[in-house]
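J.: For reference, this is protein11.txt, and it has compact mmCIF, N, CA and C atoms and all ligand atoms.
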# COMPACT_ATOMS: atom_id res chain seq x y z
N MET X 1 -114.39 -26.15 71.92
CA MET X 1 -114.89 -24.78 71.74
C MET X 1 -113.92 -23.77 72.38
N HIS X 2 -113.57 -22.79 71.57
CA HIS X 2 -112.69 -21.69 71.91
C HIS X 2 -112.99 -21.05 73.29
N GLU X 3 -114.25 -20.63 73.48
CA GLU X 3 -114.63 -19.94 74.70
C GLU X 3 -114.50 -20.81 75.95
N LEU X 4 -114.76 -22.11 75.75
CA LEU X 4 -114.69 -23.03 76.88
C LEU X 4 -113.26 -23.13 77.41
N SER X 5 -112.29 -23.19 76.50
CA SER X 5 -110.91 -23.30 76.95
C SER X 5 -110.44 -21.97 77.53
N ILE X 6 -110.96 -20.86 77.01
CA ILE X 6 -110.62 -19.55 77.58
C ILE X 6 -111.11 -19.50 79.02
N CYS X 7 -112.38 -19.90 79.23
CA CYS X 7 -112.96 -19.85 80.56
C CYS X 7 -112.24 -20.77 81.53
N SER X 8 -111.80 -21.90 81.03
CA SER X 8 -111.13 -22.80 81.96
C SER X 8 -109.76 -22.23 82.35
N SER X 9 -109.07 -21.53 81.44
CA SER X 9 -107.82 -20.90 81.87
C SER X 9 -108.07 -19.72 82.81
N ILE X 10 -109.15 -18.96 82.54
CA ILE X 10 -109.47 -17.85 83.45
C ILE X 10 -109.74 -18.39 84.85
N ALA X 11 -110.56 -19.44 84.91
CA ALA X 11 -110.91 -20.02 86.21
C ALA X 11 -109.65 -20.47 86.95
N ALA X 12 -108.69 -21.03 86.22
CA ALA X 12 -107.45 -21.49 86.85
C ALA X 12 -106.66 -20.31 87.41
N ILE X 13 -106.57 -19.23 86.63
CA ILE X 13 -105.84 -18.03 87.07
C ILE X 13 -106.50 -17.42 88.30
N VAL X 14 -107.84 -17.30 88.22
CA VAL X 14 -108.59 -16.69 89.31
C VAL X 14 -108.48 -17.52 90.59
N THR X 15 -108.61 -18.83 90.45
CA THR X 15 -108.52 -19.71 91.60
C THR X 15 -107.16 -19.55 92.29
N GLU X 16 -106.12 -19.45 91.48
CA GLU X 16 -104.78 -19.30 92.03
C GLU X 16 -104.64 -17.98 92.81
N HIS X 17 -105.12 -16.88 92.20
CA HIS X 17 -104.99 -15.58 92.85
C HIS X 17 -105.89 -15.41 94.06
N ALA X 18 -107.06 -16.02 94.01
CA ALA X 18 -108.00 -15.87 95.12
C ALA X 18 -107.52 -16.66 96.34
N ALA X 19 -106.75 -17.69 96.11
CA ALA X 19 -106.20 -18.51 97.18
C ALA X 19 -107.24 -18.87 98.24
N GLY X 20 -108.39 -19.34 97.81
CA GLY X 20 -109.40 -19.81 98.73
C GLY X 20 -110.40 -18.76 99.19
N ARG X 21 -110.13 -17.48 98.88
CA ARG X 21 -111.09 -16.45 99.27
C ARG X 21 -112.23 -16.37 98.27
N PRO X 22 -113.43 -16.00 98.74
CA PRO X 22 -114.58 -15.93 97.83
C PRO X 22 -114.42 -14.80 96.81
N VAL X 23 -114.62 -15.10 95.55
CA VAL X 23 -114.50 -14.11 94.49
C VAL X 23 -115.90 -13.67 94.06
N GLU X 24 -116.14 -12.35 94.07
CA GLU X 24 -117.46 -11.84 93.68
C GLU X 24 -117.53 -11.51 92.20
N ARG X 25 -116.40 -11.04 91.67
CA ARG X 25 -116.44 -10.53 90.31
C ARG X 25 -115.08 -10.69 89.65
N VAL X 26 -115.10 -11.08 88.41
CA VAL X 26 -113.86 -11.20 87.64
C VAL X 26 -114.00 -10.28 86.43
N VAL X 27 -113.08 -9.36 86.29
CA VAL X 27 -113.14 -8.45 85.14
C VAL X 27 -112.11 -8.89 84.12
N LEU X 28 -112.61 -9.13 82.92
CA LEU X 28 -111.78 -9.68 81.86
C LEU X 28 -111.70 -8.69 80.69
N ASP X 29 -110.50 -8.47 80.20
CA ASP X 29 -110.33 -7.65 78.99
C ASP X 29 -110.29 -8.59 77.80
N VAL X 30 -111.19 -8.37 76.85
CA VAL X 30 -111.17 -9.21 75.66
C VAL X 30 -111.05 -8.32 74.42
N GLY X 31 -109.97 -8.47 73.70
CA GLY X 31 -109.76 -7.71 72.48
C GLY X 31 -110.68 -8.19 71.37
N TYR X 32 -111.10 -7.24 70.55
CA TYR X 32 -111.99 -7.50 69.42
C TYR X 32 -111.43 -8.59 68.50
N LEU X 33 -110.12 -8.59 68.32
CA LEU X 33 -109.52 -9.54 67.38
C LEU X 33 -109.50 -10.97 67.90
N ARG X 34 -109.84 -11.16 69.15
CA ARG X 34 -109.92 -12.50 69.71
C ARG X 34 -111.12 -13.26 69.19
N GLN X 35 -112.07 -12.52 68.62
CA GLN X 35 -113.29 -13.12 68.06
C GLN X 35 -114.02 -14.01 69.05
N VAL X 36 -114.11 -13.51 70.26
CA VAL X 36 -114.85 -14.23 71.30
C VAL X 36 -116.31 -13.81 71.20
N VAL X 37 -117.20 -14.77 71.23
CA VAL X 37 -118.63 -14.47 71.22
C VAL X 37 -119.08 -14.26 72.67
N PRO X 38 -119.48 -13.03 73.02
CA PRO X 38 -119.80 -12.71 74.42
C PRO X 38 -120.79 -13.68 75.07
N ALA X 39 -121.88 -13.99 74.38
CA ALA X 39 -122.89 -14.88 74.97
C ALA X 39 -122.32 -16.28 75.22
N THR X 40 -121.51 -16.74 74.29
CA THR X 40 -120.88 -18.06 74.44
C THR X 40 -119.89 -18.04 75.59
N LEU X 41 -119.19 -16.92 75.73
CA LEU X 41 -118.22 -16.79 76.81
C LEU X 41 -118.91 -16.88 78.17
N MET X 42 -120.04 -16.16 78.30
CA MET X 42 -120.80 -16.17 79.55
C MET X 42 -121.33 -17.57 79.87
N TYR X 43 -121.86 -18.21 78.85
CA TYR X 43 -122.40 -19.55 79.01
C TYR X 43 -121.29 -20.53 79.42
N SER X 44 -120.13 -20.40 78.77
CA SER X 44 -119.00 -21.27 79.08
C SER X 44 -118.51 -21.05 80.50
N TRP X 45 -118.51 -19.78 80.91
CA TRP X 45 -118.08 -19.46 82.28
C TRP X 45 -118.97 -20.16 83.29
N GLU X 46 -120.28 -20.10 83.05
CA GLU X 46 -121.22 -20.76 83.96
C GLU X 46 -120.97 -22.27 84.02
N LEU X 47 -120.70 -22.85 82.87
CA LEU X 47 -120.42 -24.29 82.82
C LEU X 47 -119.15 -24.64 83.61
N ILE X 48 -118.12 -23.83 83.40
CA ILE X 48 -116.82 -24.10 84.02
C ILE X 48 -116.85 -23.93 85.54
N VAL X 49 -117.54 -22.87 86.01
CA VAL X 49 -117.50 -22.60 87.45
C VAL X 49 -118.58 -23.33 88.25
N ALA X 50 -119.55 -23.91 87.57
CA ALA X 50 -120.61 -24.62 88.29
C ALA X 50 -120.02 -25.67 89.22
N GLY X 51 -120.45 -25.62 90.48
CA GLY X 51 -119.98 -26.59 91.45
C GLY X 51 -118.56 -26.36 91.95
N THR X 52 -117.95 -25.24 91.56
CA THR X 52 -116.61 -24.91 92.06
C THR X 52 -116.73 -23.72 93.01
N PRO X 53 -115.64 -23.39 93.72
CA PRO X 53 -115.70 -22.21 94.60
C PRO X 53 -115.97 -20.90 93.84
N LEU X 54 -115.84 -20.91 92.53
CA LEU X 54 -116.07 -19.69 91.75
C LEU X 54 -117.50 -19.56 91.25
N GLU X 55 -118.35 -20.47 91.72
CA GLU X 55 -119.72 -20.52 91.24
C GLU X 55 -120.44 -19.17 91.32
N ARG X 56 -120.16 -18.40 92.37
CA ARG X 56 -120.85 -17.12 92.53
C ARG X 56 -120.10 -15.93 91.94
N ALA X 57 -119.00 -16.19 91.31
CA ALA X 57 -118.22 -15.09 90.73
C ALA X 57 -118.80 -14.66 89.40
N ALA X 58 -119.14 -13.38 89.30
CA ALA X 58 -119.70 -12.86 88.05
C ALA X 58 -118.56 -12.51 87.10
N LEU X 59 -118.75 -12.86 85.85
CA LEU X 59 -117.74 -12.53 84.85
C LEU X 59 -118.16 -11.24 84.15
N VAL X 60 -117.29 -10.24 84.22
CA VAL X 60 -117.57 -8.97 83.57
C VAL X 60 -116.59 -8.80 82.42
N VAL X 61 -117.11 -8.67 81.22
CA VAL X 61 -116.24 -8.59 80.05
C VAL X 61 -116.11 -7.15 79.57
N ASN X 62 -114.86 -6.74 79.49
CA ASN X 62 -114.50 -5.42 79.05
C ASN X 62 -114.02 -5.57 77.59
N HIS X 63 -114.81 -5.10 76.67
CA HIS X 63 -114.43 -5.29 75.26
C HIS X 63 -113.46 -4.21 74.80
N ILE X 64 -112.35 -4.64 74.25
CA ILE X 64 -111.33 -3.70 73.77
C ILE X 64 -111.40 -3.64 72.24
N PRO X 65 -111.67 -2.45 71.72
CA PRO X 65 -111.73 -2.35 70.26
C PRO X 65 -110.37 -2.58 69.62
N ALA X 66 -110.37 -2.96 68.37
CA ALA X 66 -109.11 -3.18 67.67
C ALA X 66 -108.59 -1.83 67.15
N VAL X 67 -107.32 -1.56 67.38
CA VAL X 67 -106.71 -0.31 66.94
C VAL X 67 -105.46 -0.64 66.14
N ILE X 68 -105.34 -0.02 65.00
CA ILE X 68 -104.11 -0.18 64.22
C ILE X 68 -103.40 1.16 64.14
N GLU X 69 -102.09 1.10 64.03
CA GLU X 69 -101.31 2.33 63.88
C GLU X 69 -100.54 2.24 62.57
N CYS X 70 -100.63 3.32 61.81
CA CYS X 70 -100.01 3.36 60.48
C CYS X 70 -98.53 3.71 60.60
N ARG X 71 -97.69 2.94 59.92
CA ARG X 71 -96.25 3.23 59.96
C ARG X 71 -95.89 4.36 59.01
N SER X 72 -96.78 4.67 58.07
CA SER X 72 -96.48 5.76 57.14
C SER X 72 -96.81 7.12 57.75
N CYS X 73 -98.00 7.25 58.31
CA CYS X 73 -98.41 8.57 58.80
C CYS X 73 -98.66 8.60 60.31
N GLY X 74 -98.60 7.46 60.97
CA GLY X 74 -98.72 7.45 62.43
C GLY X 74 -100.14 7.50 62.96
N THR X 75 -101.13 7.55 62.09
CA THR X 75 -102.52 7.61 62.53
C THR X 75 -102.95 6.31 63.22
N ALA X 76 -103.63 6.45 64.35
CA ALA X 76 -104.20 5.29 65.03
C ALA X 76 -105.68 5.23 64.68
N THR X 77 -106.14 4.10 64.22
CA THR X 77 -107.52 3.95 63.76
C THR X 77 -108.18 2.76 64.44
N THR X 78 -109.40 2.98 64.94
CA THR X 78 -110.18 1.87 65.49
C THR X 78 -110.90 1.20 64.32
N ILE X 79 -110.72 -0.09 64.19
CA ILE X 79 -111.29 -0.78 63.04
C ILE X 79 -112.49 -1.63 63.43
N GLU X 80 -113.44 -1.71 62.53
CA GLU X 80 -114.67 -2.48 62.75
C GLU X 80 -114.55 -3.87 62.16
N LEU X 81 -113.73 -4.00 61.15
CA LEU X 81 -113.54 -5.27 60.48
C LEU X 81 -112.05 -5.54 60.43
N PRO X 82 -111.66 -6.80 60.36
CA PRO X 82 -110.22 -7.06 60.28
C PRO X 82 -109.63 -6.69 58.92
N VAL X 83 -109.64 -5.40 58.63
CA VAL X 83 -108.99 -4.88 57.42
C VAL X 83 -107.98 -3.87 57.92
N PHE X 84 -106.71 -4.24 57.80
CA PHE X 84 -105.70 -3.45 58.47
C PHE X 84 -105.13 -2.35 57.57
N ARG X 85 -106.03 -1.51 57.08
CA ARG X 85 -105.62 -0.45 56.19
C ARG X 85 -105.89 0.92 56.83
N CYS X 86 -104.89 1.78 56.74
CA CYS X 86 -105.03 3.12 57.29
C CYS X 86 -105.87 3.97 56.34
N PRO X 87 -106.62 4.98 56.89
CA PRO X 87 -107.36 5.87 55.99
C PRO X 87 -106.47 6.55 54.94
N CYS X 88 -105.17 6.66 55.19
CA CYS X 88 -104.29 7.30 54.20
C CYS X 88 -104.01 6.37 53.02
N GLY X 89 -104.45 5.11 53.12
CA GLY X 89 -104.25 4.18 52.00
C GLY X 89 -103.15 3.17 52.25
N SER X 90 -102.32 3.42 53.26
CA SER X 90 -101.21 2.52 53.54
C SER X 90 -101.70 1.24 54.22
N ILE X 91 -101.07 0.13 53.87
CA ILE X 91 -101.38 -1.10 54.60
C ILE X 91 -100.20 -1.51 55.48
N ASP X 92 -99.21 -0.61 55.59
CA ASP X 92 -98.08 -0.86 56.46
C ASP X 92 -98.45 -0.40 57.87
N THR X 93 -99.24 -1.24 58.52
CA THR X 93 -99.76 -0.86 59.84
C THR X 93 -99.41 -1.92 60.87
N GLU X 94 -99.54 -1.51 62.11
CA GLU X 94 -99.24 -2.41 63.21
C GLU X 94 -100.47 -2.47 64.11
N VAL X 95 -100.86 -3.67 64.52
CA VAL X 95 -102.00 -3.79 65.43
C VAL X 95 -101.53 -3.40 66.82
N THR X 96 -102.15 -2.36 67.38
CA THR X 96 -101.72 -1.89 68.71
C THR X 96 -102.73 -2.23 69.80
N ALA X 97 -103.93 -2.62 69.44
CA ALA X 97 -104.91 -3.04 70.43
C ALA X 97 -105.91 -3.97 69.77
N GLY X 98 -106.51 -4.87 70.56
CA GLY X 98 -107.52 -5.77 70.04
C GLY X 98 -107.16 -7.22 70.26
N GLU X 99 -105.91 -7.45 70.67
CA GLU X 99 -105.49 -8.84 70.88
C GLU X 99 -105.47 -9.22 72.36
N GLU X 100 -106.01 -8.33 73.20
CA GLU X 100 -106.00 -8.58 74.64
C GLU X 100 -106.86 -9.77 75.03
N LEU X 101 -106.40 -10.46 76.03
CA LEU X 101 -107.22 -11.45 76.69
C LEU X 101 -106.58 -11.65 78.04
N LEU X 102 -107.04 -10.89 79.00
CA LEU X 102 -106.42 -11.00 80.31
C LEU X 102 -107.39 -10.71 81.42
N VAL X 103 -107.08 -11.24 82.57
CA VAL X 103 -107.89 -10.98 83.74
C VAL X 103 -107.44 -9.64 84.30
N ARG X 104 -108.31 -8.65 84.24
CA ARG X 104 -107.98 -7.30 84.65
C ARG X 104 -108.02 -7.16 86.17
N SER X 105 -109.06 -7.67 86.79
CA SER X 105 -109.14 -7.56 88.25
C SER X 105 -110.10 -8.59 88.83
N LEU X 106 -109.97 -8.77 90.10
CA LEU X 106 -110.86 -9.67 90.84
C LEU X 106 -111.43 -8.90 92.01
N ASP X 107 -112.70 -9.10 92.30
CA ASP X 107 -113.27 -8.55 93.52
C ASP X 107 -113.38 -9.70 94.49
N ILE X 108 -112.60 -9.60 95.54
CA ILE X 108 -112.58 -10.67 96.52
C ILE X 108 -113.25 -10.17 97.79
N THR X 109 -114.11 -11.01 98.36
CA THR X 109 -114.90 -10.59 99.51
C THR X 109 -114.04 -10.16 100.70
N ASP X 110 -113.11 -11.00 101.08
CA ASP X 110 -112.25 -10.64 102.19
C ASP X 110 -110.89 -10.25 101.64
N ILE X 111 -110.65 -8.94 101.64
CA ILE X 111 -109.48 -8.42 100.95
C ILE X 111 -108.38 -8.06 101.95
N THR X 112 -108.63 -8.35 103.23
CA THR X 112 -107.76 -7.88 104.30
C THR X 112 -106.28 -8.19 104.14
N ASP X 113 -105.96 -9.38 103.66
CA ASP X 113 -104.53 -9.66 103.65
C ASP X 113 -103.89 -9.84 102.27
N ILE X 114 -104.50 -9.25 101.25
CA ILE X 114 -103.79 -9.38 99.97
C ILE X 114 -102.98 -8.13 99.63
N THR X 115 -103.37 -6.98 100.20
CA THR X 115 -102.67 -5.75 99.84
C THR X 115 -101.34 -5.64 100.58
N GLY X 116 -100.31 -5.39 99.84
CA GLY X 116 -99.01 -5.13 100.44
C GLY X 116 -98.22 -6.34 100.86
N ARG X 117 -98.91 -7.40 101.21
CA ARG X 117 -98.23 -8.58 101.74
C ARG X 117 -97.03 -9.04 100.93
N ALA X 118 -97.28 -9.20 99.64
CA ALA X 118 -96.24 -9.74 98.78
C ALA X 118 -95.02 -8.84 98.66
N GLN X 119 -95.24 -7.53 98.88
CA GLN X 119 -94.14 -6.61 98.65
C GLN X 119 -93.49 -6.09 99.93
N THR X 120 -94.00 -6.47 101.06
CA THR X 120 -93.41 -5.93 102.30
C THR X 120 -92.00 -6.45 102.49
N SER X 121 -91.19 -5.60 103.07
CA SER X 121 -89.80 -5.99 103.29
C SER X 121 -89.45 -5.75 104.75
N GLU X 122 -90.43 -6.02 105.61
CA GLU X 122 -90.23 -5.70 107.04
C GLU X 122 -89.15 -6.56 107.70
N ALA X 123 -88.79 -7.63 107.04
CA ALA X 123 -87.73 -8.47 107.60
C ALA X 123 -86.35 -7.81 107.43
N GLY X 124 -86.31 -6.75 106.65
CA GLY X 124 -85.05 -6.04 106.45
C GLY X 124 -84.19 -6.70 105.40
N THR X 125 -82.97 -6.25 105.33
CA THR X 125 -82.10 -6.75 104.27
C THR X 125 -81.27 -7.94 104.72
ZN ZN G 1 -101.58 6.28 57.33
Kindly transcribe the structure held in the file into structure tokens.
Ligand SMILES: [Zn+2]
T.:
Amino acid sequence: MHELSICSSIAAIVTEHAAGRPVERVVLDVGYLRQVVPATLMYSWELIVAGTPLERAALVVNHIPAVIECRSCGTATTIELPVFRCPCGSIDTEVTAGEELLVRSLDITDITDITGRAQTSEAGT
């Protein structure tokens, strides 16, 4: 099942970034064109995280509408169905949104040492 493998990759990404800290919330961007069924995604998430350190992490899905941009007239259109035609009649369009599938953010309970750490250069040159 599509959603199950998505959830298992999300869990792997989150586990890596959390590095042992408790995660309260995972915000996921899911593009319309991914054809993910929200209810199935939630159910799969529960299955995947059950009995793991992510058990209490809530999955929040941010749905991204599909947007196409017309190469003839430049119009950007949000589409409801996968029909990639511009209102001007042109089908020479480019999908500019809707294919997202990424972990947008994590809410971690103890956030004290994740900010700045990776980028500090206090050791000098
Ligand atoms: Zn057009």
J.: Extract the full set of helix (DSSP H, G or I) residues from chain X according to DSSP on the backbone, and format it as JSON, numbers by chain.
T.: {"X": [2, 3, 4, 5, 6, 7, 8, 9, 10, 11, 12, 13, 14, 15, 16, 17, 18, 32, 33, 34, 38, 39, 40, 41, 42, 43, 44, 45, 46, 47, 48, 49, 117, 118, 119]}
J.: Take the selection from the previous step and output its residues with N, CA and C atoms, as a short mmCIF file (atom, residue, chain, number, x, y, z; two decimals), in the frame of the given file.
T.:
data_model
loop_
_atom_site.label_atom_id
_atom_site.label_comp_id
_atom_site.auth_asym_id
_atom_site.auth_seq_id
_atom_site.Cartn_x
_atom_site.Cartn_y
_atom_site.Cartn_z
N HIS X 2 -113.57 -22.79 71.57
CA HIS X 2 -112.69 -21.69 71.91
C HIS X 2 -112.99 -21.05 73.29
N GLU X 3 -114.25 -20.63 73.48
CA GLU X 3 -114.63 -19.94 74.70
C GLU X 3 -114.50 -20.81 75.95
N LEU X 4 -114.76 -22.11 75.75
CA LEU X 4 -114.69 -23.03 76.88
C LEU X 4 -113.26 -23.13 77.41
N SER X 5 -112.29 -23.19 76.50
CA SER X 5 -110.91 -23.30 76.95
C SER X 5 -110.44 -21.97 77.53
N ILE X 6 -110.96 -20.86 77.01
CA ILE X 6 -110.62 -19.55 77.58
C ILE X 6 -111.11 -19.50 79.02
N CYS X 7 -112.38 -19.90 79.23
CA CYS X 7 -112.96 -19.85 80.56
C CYS X 7 -112.24 -20.77 81.53
N SER X 8 -111.80 -21.90 81.03
CA SER X 8 -111.13 -22.80 81.96
C SER X 8 -109.76 -22.23 82.35
N SER X 9 -109.07 -21.53 81.44
CA SER X 9 -107.82 -20.90 81.87
C SER X 9 -108.07 -19.72 82.81
N ILE X 10 -109.15 -18.96 82.54
CA ILE X 10 -109.47 -17.85 83.45
C ILE X 10 -109.74 -18.39 84.85
N ALA X 11 -110.56 -19.44 84.91
CA ALA X 11 -110.91 -20.02 86.21
C ALA X 11 -109.65 -20.47 86.95
N ALA X 12 -108.69 -21.03 86.22
CA ALA X 12 -107.45 -21.49 86.85
C ALA X 12 -106.66 -20.31 87.41
N ILE X 13 -106.57 -19.23 86.63
CA ILE X 13 -105.84 -18.03 87.07
C ILE X 13 -106.50 -17.42 88.30
N VAL X 14 -107.84 -17.30 88.22
CA VAL X 14 -108.59 -16.69 89.31
C VAL X 14 -108.48 -17.52 90.59
N THR X 15 -108.61 -18.83 90.45
CA THR X 15 -108.52 -19.71 91.60
C THR X 15 -107.16 -19.55 92.29
N GLU X 16 -106.12 -19.45 91.48
CA GLU X 16 -104.78 -19.30 92.03
C GLU X 16 -104.64 -17.98 92.81
N HIS X 17 -105.12 -16.88 92.20
CA HIS X 17 -104.99 -15.58 92.85
C HIS X 17 -105.89 -15.41 94.06
N ALA X 18 -107.06 -16.02 94.01
CA ALA X 18 -108.00 -15.87 95.12
C ALA X 18 -107.52 -16.66 96.34
N TYR X 32 -111.10 -7.24 70.55
CA TYR X 32 -111.99 -7.50 69.42
C TYR X 32 -111.43 -8.59 68.50
N LEU X 33 -110.12 -8.59 68.32
CA LEU X 33 -109.52 -9.54 67.38
C LEU X 33 -109.50 -10.97 67.90
N ARG X 34 -109.84 -11.16 69.15
CA ARG X 34 -109.92 -12.50 69.71
C ARG X 34 -111.12 -13.26 69.19
N PRO X 38 -119.48 -13.03 73.02
CA PRO X 38 -119.80 -12.71 74.42
C PRO X 38 -120.79 -13.68 75.07
N ALA X 39 -121.88 -13.99 74.38
CA ALA X 39 -122.89 -14.88 74.97
C ALA X 39 -122.32 -16.28 75.22
N THR X 40 -121.51 -16.74 74.29
CA THR X 40 -120.88 -18.06 74.44
C THR X 40 -119.89 -18.04 75.59
N LEU X 41 -119.19 -16.92 75.73
CA LEU X 41 -118.22 -16.79 76.81
C LEU X 41 -118.91 -16.88 78.17
N MET X 42 -120.04 -16.16 78.30
CA MET X 42 -120.80 -16.17 79.55
C MET X 42 -121.33 -17.57 79.87
N TYR X 43 -121.86 -18.21 78.85
CA TYR X 43 -122.40 -19.55 79.01
C TYR X 43 -121.29 -20.53 79.42
N SER X 44 -120.13 -20.40 78.77
CA SER X 44 -119.00 -21.27 79.08
C SER X 44 -118.51 -21.05 80.50
N TRP X 45 -118.51 -19.78 80.91
CA TRP X 45 -118.08 -19.46 82.28
C TRP X 45 -118.97 -20.16 83.29
N GLU X 46 -120.28 -20.10 83.05
CA GLU X 46 -121.22 -20.76 83.96
C GLU X 46 -120.97 -22.27 84.02
N LEU X 47 -120.70 -22.85 82.87
CA LEU X 47 -120.42 -24.29 82.82
C LEU X 47 -119.15 -24.64 83.61
N ILE X 48 -118.12 -23.83 83.40
CA ILE X 48 -116.82 -24.10 84.02
C ILE X 48 -116.85 -23.93 85.54
N VAL X 49 -117.54 -22.87 86.01
CA VAL X 49 -117.50 -22.60 87.45
C VAL X 49 -118.58 -23.33 88.25
N ARG X 117 -98.91 -7.40 101.21
CA ARG X 117 -98.23 -8.58 101.74
C ARG X 117 -97.03 -9.04 100.93
N ALA X 118 -97.28 -9.20 99.64
CA ALA X 118 -96.24 -9.74 98.78
C ALA X 118 -95.02 -8.84 98.66
N GLN X 119 -95.24 -7.53 98.88
CA GLN X 119 -94.14 -6.61 98.65
C GLN X 119 -93.49 -6.09 99.93
#
J.: Show me, as a ChimeraX atom specification, the residues that have an atom within 8 Å of Leu54 in chain X when counting only N, CA and C atoms, minus same-chain residues fewer than 3 positions from it.
T.: /X:11,14-15,22-24,48-51,57-58
J.: Would you mind exporting N, CA and C atoms of the selected residues as an mmCIF file, keeping the file's coordinate frame?
T.:
data_model
loop_
_atom_site.group_PDB
_atom_site.id
_atom_site.type_symbol
_atom_site.label_atom_id
_atom_site.label_comp_id
_atom_site.auth_asym_id
_atom_site.auth_seq_id
_atom_site.Cartn_x
_atom_site.Cartn_y
_atom_site.Cartn_z
ATOM 1 N N ALA X 11 -110.560 -19.440 84.910
ATOM 2 C CA ALA X 11 -110.910 -20.020 86.210
ATOM 3 C C ALA X 11 -109.650 -20.470 86.950
ATOM 4 N N VAL X 14 -107.840 -17.300 88.220
ATOM 5 C CA VAL X 14 -108.590 -16.690 89.310
ATOM 6 C C VAL X 14 -108.480 -17.520 90.590
ATOM 7 N N THR X 15 -108.610 -18.830 90.450
ATOM 8 C CA THR X 15 -108.520 -19.710 91.600
ATOM 9 C C THR X 15 -107.160 -19.550 92.290
ATOM 10 N N PRO X 22 -113.430 -16.000 98.740
ATOM 11 C CA PRO X 22 -114.580 -15.930 97.830
ATOM 12 C C PRO X 22 -114.420 -14.800 96.810
ATOM 13 N N VAL X 23 -114.620 -15.100 95.550
ATOM 14 C CA VAL X 23 -114.500 -14.110 94.490
ATOM 15 C C VAL X 23 -115.900 -13.670 94.060
ATOM 16 N N GLU X 24 -116.140 -12.350 94.070
ATOM 17 C CA GLU X 24 -117.460 -11.840 93.680
ATOM 18 C C GLU X 24 -117.530 -11.510 92.200
ATOM 19 N N ILE X 48 -118.120 -23.830 83.400
ATOM 20 C CA ILE X 48 -116.820 -24.100 84.020
ATOM 21 C C ILE X 48 -116.850 -23.930 85.540
ATOM 22 N N VAL X 49 -117.540 -22.870 86.010
ATOM 23 C CA VAL X 49 -117.500 -22.600 87.450
ATOM 24 C C VAL X 49 -118.580 -23.330 88.250
ATOM 25 N N ALA X 50 -119.550 -23.910 87.570
ATOM 26 C CA ALA X 50 -120.610 -24.620 88.290
ATOM 27 C C ALA X 50 -120.020 -25.670 89.220
ATOM 28 N N GLY X 51 -120.450 -25.620 90.480
ATOM 29 C CA GLY X 51 -119.980 -26.590 91.450
ATOM 30 C C GLY X 51 -118.560 -26.360 91.950
ATOM 31 N N ALA X 57 -119.000 -16.190 91.310
ATOM 32 C CA ALA X 57 -118.220 -15.090 90.730
ATOM 33 C C ALA X 57 -118.800 -14.660 89.400
ATOM 34 N N ALA X 58 -119.140 -13.380 89.300
ATOM 35 C CA ALA X 58 -119.700 -12.860 88.050
ATOM 36 C C ALA X 58 -118.560 -12.510 87.100
#
J.: What's around range 72-74 of chain X at 9 Å? Count only C-alpha atoms, leave out sequence neighbours fewer than 6 positions away in its own chain, and write the answer as a list of chain:residue names.
T.: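 The residues that qualify are X:Cys86, X:Cys88, X:Ser90, X:Ile91, X:Asp92, X:Thr93.
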J.: Taking N, CA and C atoms for each residue, export the selection above as a CSV table (one decimal), in the frame of the given file.
T.:
chain,number,residue,atom,x,y,z
X,86,CYS,N,-104.9,1.8,56.7
X,86,CYS,CA,-105.0,3.1,57.3
X,86,CYS,C,-105.9,4.0,56.3
X,88,CYS,N,-105.2,6.7,55.2
X,88,CYS,CA,-104.3,7.3,54.2
X,88,CYS,C,-104.0,6.4,53.0
X,90,SER,N,-102.3,3.4,53.3
X,90,SER,CA,-101.2,2.5,53.5
X,90,SER,C,-101.7,1.2,54.2
X,91,ILE,N,-101.1,0.1,53.9
X,91,ILE,CA,-101.4,-1.1,54.6
X,91,ILE,C,-100.2,-1.5,55.5
X,92,ASP,N,-99.2,-0.6,55.6
X,92,ASP,CA,-98.1,-0.9,56.5
X,92,ASP,C,-98.4,-0.4,57.9
X,93,THR,N,-99.2,-1.2,58.5
X,93,THR,CA,-99.8,-0.9,59.8
X,93,THR,C,-99.4,-1.9,60.9
J.: Using atom N of His2 in chain X and atom N of Ile108 in chain X as the two end points, give the distance in Å to one decimal.
T.: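 About the pair atom N of His2 in chain X and atom N of Ile108 in chain X: they are 27.4 Å apart.
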J.: What gap, in Å, lies between atom C of Gly20 in chain X and atom N of Leu101 in chain X?
T.: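 One can read the atom C of Gly20 in chain X to atom N of Leu101 in chain X distance as 24.9 Å.
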J.: Between CA of Arg56 in chain X and atom C of Val30 in chain X, measure the distance and give it in Å to one decimal.
T.: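 Taking CA of Arg56 in chain X and atom C of Val30 in chain X, their separation equals 22.4 Å.
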J.: With only C-alpha atoms and all ligand atoms as the atoms that count, which of X:Arg71, X:Arg104, X:Arg34, X:His17 lies nearest to ligand ZN 1 (chain G)?
T.: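 Nearest to ligand ZN 1 (chain G): X:Arg71.
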J.: Among range 28-79 of chain X, which residues does DSSP mark as strand (DSSP E) when it is run on the backbone? Keep the chain and numbering as in the structure and answer as a list in words.
T.: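 These are the residues in question: Leu28, Asp29, Val30, Gly31, Ala58, Leu59, Val60, Val61, Asn62, His63, Ile64, Ala66, Val67, Ile68, Glu69, Cys70, Ala76, Thr77, Thr78 and Ile79 of chain X.
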J.: Taking 6 positions as the minimum chain separation for residues in the same chain, which residues sit within 12 Å of Pro82 in chain X when counting only C-alpha atoms? Answer as a list of chain:residue names.
T.: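 In the requested format, the answer is X:Tyr32, X:Leu33, X:Arg34, X:Gln35, X:Pro65, X:Ala66, X:Val67, X:Ile68, X:Val95, X:Gly98, X:Glu99.
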J.: So which residues are close to (-111.9, -16.9, 75.7), meaning at most 10 Å away in the file's coordinates with only C-alpha atoms counted, and can you show them as a PyMOL selection string?
T.: chain X and resi 1-10+28-31+34-38+40-42+44-45+101-102
